[in-house]
Amino acid sequence: LVPVALTIEPAAVPHIALLLAGSCAVHLLMIAGQVTLGHPTAHARLAAWHMTHGRFRLWFWLGIVLVTVGMLAPVAPPFAAAAALAGLLAHEHAYVQAGQAVPLA
């Protein structure tokens, strides 16, 4: 919404930027819970390992860094919004690919 608000209603940008920063913080907390809490099966543990330390670690950690930059939204809203979206894309790529990289049965 930040790019749209910049053109349509610039006065709303600071409020949307705060929402973006808060959303990035919640996303990072959820990721922290996902990688630190135990996994019920060996395949789930293997998928988590592939995501954080294996083949998809670059995408995963790049996503973490970019979403962290997204928390700077109140300072630089357009840059932070682009970084947050790119970070979500990188994280979701790692998440989906790591889950499909291990046997499911």
# chains A, B, ... in the order shown; residues from 1 in each chain; ligands from 1
>>> residues_around(residues="A:His50", least_positions_apart="2", cutoff="12 Å", atoms="only C-alpha atoms", output="ChimeraX atom specification")
/A:35,43-48,52-60,94-102
>>> write_last_selection(atoms="N, CA, C and O atoms", output="short mmCIF file (atom, residue, chain, number, x, y, z; two decimals), in the first residue's frame")
data_model
loop_
_atom_site.label_atom_id
_atom_site.label_comp_id
_atom_site.auth_asym_id
_atom_site.auth_seq_id
_atom_site.Cartn_x
_atom_site.Cartn_y
_atom_site.Cartn_z
N VAL A 35 11.60 -21.91 13.26
CA VAL A 35 12.90 -22.58 13.18
C VAL A 35 13.43 -23.02 14.54
O VAL A 35 14.32 -23.87 14.60
N HIS A 43 11.12 -35.86 8.60
CA HIS A 43 11.08 -35.15 7.32
C HIS A 43 10.87 -33.66 7.52
O HIS A 43 11.44 -32.84 6.78
N ALA A 44 10.07 -33.30 8.51
CA ALA A 44 9.87 -31.87 8.80
C ALA A 44 11.17 -31.25 9.30
O ALA A 44 11.51 -30.12 8.93
N ARG A 45 11.90 -31.97 10.15
CA ARG A 45 13.19 -31.48 10.63
C ARG A 45 14.17 -31.34 9.47
O ARG A 45 14.92 -30.36 9.38
N LEU A 46 14.16 -32.29 8.56
CA LEU A 46 15.04 -32.23 7.40
C LEU A 46 14.69 -31.05 6.49
O LEU A 46 15.57 -30.34 5.99
N ALA A 47 13.40 -30.80 6.31
CA ALA A 47 12.97 -29.66 5.50
C ALA A 47 13.41 -28.35 6.15
O ALA A 47 13.88 -27.43 5.45
N ALA A 48 13.27 -28.26 7.46
CA ALA A 48 13.70 -27.04 8.16
C ALA A 48 15.21 -26.86 8.02
O ALA A 48 15.70 -25.73 7.85
N THR A 52 17.17 -23.61 6.35
CA THR A 52 18.04 -22.70 7.11
C THR A 52 19.53 -22.93 6.88
O THR A 52 20.32 -22.00 7.01
N HIS A 53 19.93 -24.17 6.57
CA HIS A 53 21.35 -24.47 6.45
C HIS A 53 21.72 -25.20 5.15
O HIS A 53 22.90 -25.34 4.84
N GLY A 54 20.75 -25.66 4.42
CA GLY A 54 21.00 -26.48 3.24
C GLY A 54 20.93 -25.69 1.95
O GLY A 54 21.37 -24.54 1.86
N ARG A 55 20.31 -26.32 0.96
CA ARG A 55 20.26 -25.77 -0.40
C ARG A 55 19.59 -24.41 -0.50
O ARG A 55 19.91 -23.61 -1.37
N PHE A 56 18.63 -24.15 0.37
CA PHE A 56 17.82 -22.94 0.24
C PHE A 56 18.17 -21.87 1.27
O PHE A 56 17.43 -20.92 1.47
N ARG A 57 19.32 -22.04 1.92
CA ARG A 57 19.71 -21.11 2.98
C ARG A 57 19.91 -19.69 2.44
O ARG A 57 19.57 -18.73 3.12
N LEU A 58 20.43 -19.53 1.24
CA LEU A 58 20.64 -18.19 0.70
C LEU A 58 19.32 -17.44 0.57
O LEU A 58 19.21 -16.28 1.00
N TRP A 59 18.31 -18.10 0.02
CA TRP A 59 16.99 -17.47 -0.12
C TRP A 59 16.40 -17.16 1.25
O TRP A 59 15.81 -16.08 1.45
N PHE A 60 16.54 -18.10 2.19
CA PHE A 60 15.97 -17.91 3.52
C PHE A 60 16.61 -16.71 4.22
O PHE A 60 15.90 -15.82 4.70
N ALA A 94 12.11 -20.16 -0.36
CA ALA A 94 12.86 -21.13 0.45
C ALA A 94 11.92 -22.06 1.19
O ALA A 94 12.15 -23.28 1.25
N TYR A 95 10.85 -21.54 1.73
CA TYR A 95 9.90 -22.32 2.53
C TYR A 95 9.24 -23.41 1.67
O TYR A 95 9.17 -24.57 2.06
N VAL A 96 8.76 -23.04 0.50
CA VAL A 96 8.06 -23.99 -0.36
C VAL A 96 9.04 -25.01 -0.94
O VAL A 96 8.78 -26.23 -0.93
N GLN A 97 10.17 -24.55 -1.43
CA GLN A 97 11.13 -25.46 -2.05
C GLN A 97 11.73 -26.42 -1.03
O GLN A 97 11.94 -27.60 -1.35
N ALA A 98 12.02 -25.97 0.17
CA ALA A 98 12.57 -26.87 1.20
C ALA A 98 11.56 -27.93 1.58
O ALA A 98 11.92 -29.10 1.80
N GLY A 99 10.31 -27.56 1.65
CA GLY A 99 9.27 -28.54 1.97
C GLY A 99 9.10 -29.59 0.89
O GLY A 99 8.74 -30.73 1.17
N GLN A 100 9.38 -29.23 -0.34
CA GLN A 100 9.24 -30.18 -1.44
C GLN A 100 10.53 -30.95 -1.73
O GLN A 100 10.53 -31.89 -2.52
N ALA A 101 11.63 -30.56 -1.09
CA ALA A 101 12.92 -31.18 -1.36
C ALA A 101 13.11 -32.50 -0.59
O ALA A 101 14.04 -33.22 -0.88
N VAL A 102 12.26 -32.75 0.39
CA VAL A 102 12.41 -33.97 1.20
C VAL A 102 11.27 -34.93 0.86
O VAL A 102 10.21 -34.52 0.41
#
>>> select_by_dssp(residues="stretch 29-77 of chain A", states="alpha helix (DSSP H)", output="PyMOL selection string")
chain A and resi 29-36+42-52+57-70+77
>>> write_last_selection(atoms="C-alpha atoms", output="JSON list (two decimals), in the first residue's frame")
[["chain", "number", "residue", "atom", "x", "y", "z"],
["A", 29, "LEU", "CA", 8.80, -13.53, 15.24],
["A", 30, "MET", "CA", 6.82, -16.22, 13.44],
["A", 31, "ILE", "CA", 9.93, -17.33, 11.55],
["A", 32, "ALA", "CA", 11.89, -17.45, 14.80],
["A", 33, "GLY", "CA", 9.22, -19.70, 16.28],
["A", 34, "GLN", "CA", 9.17, -21.91, 13.23],
["A", 35, "VAL", "CA", 12.90, -22.58, 13.18],
["A", 36, "THR", "CA", 13.41, -22.88, 16.95],
["A", 42, "ALA", "CA", 12.12, -36.44, 10.73],
["A", 43, "HIS", "CA", 11.08, -35.15, 7.32],
["A", 44, "ALA", "CA", 9.87, -31.87, 8.80],
["A", 45, "ARG", "CA", 13.19, -31.48, 10.63],
["A", 46, "LEU", "CA", 15.04, -32.23, 7.40],
["A", 47, "ALA", "CA", 12.97, -29.66, 5.50],
["A", 48, "ALA", "CA", 13.70, -27.04, 8.16],
["A", 49, "TRP", "CA", 17.40, -27.86, 7.93],
["A", 50, "HIS", "CA", 17.33, -27.54, 4.11],
["A", 51, "MET", "CA", 15.66, -24.16, 4.51],
["A", 52, "THR", "CA", 18.04, -22.70, 7.11],
["A", 57, "ARG", "CA", 19.71, -21.11, 2.98],
["A", 58, "LEU", "CA", 20.64, -18.19, 0.70],
["A", 59, "TRP", "CA", 16.99, -17.47, -0.12],
["A", 60, "PHE", "CA", 15.97, -17.91, 3.52],
["A", 61, "TRP", "CA", 18.61, -15.60, 5.01],
["A", 62, "LEU", "CA", 18.19, -13.06, 2.21],
["A", 63, "GLY", "CA", 14.50, -12.99, 3.06],
["A", 64, "ILE", "CA", 15.29, -12.44, 6.74],
["A", 65, "VAL", "CA", 17.62, -9.54, 5.93],
["A", 66, "LEU", "CA", 15.20, -7.88, 3.53],
["A", 67, "VAL", "CA", 12.22, -8.19, 5.87],
["A", 68, "THR", "CA", 14.39, -6.72, 8.62],
["A", 69, "VAL", "CA", 15.10, -3.77, 6.31],
["A", 70, "GLY", "CA", 11.32, -3.52, 5.90],
["A", 77, "PRO", "CA", 8.76, 3.96, 3.28]]
>>> closest_residue(among="A:His15, A:His91, A:His39, A:His27", to="A:Leu1", atoms="only C-alpha atoms")
A:His15
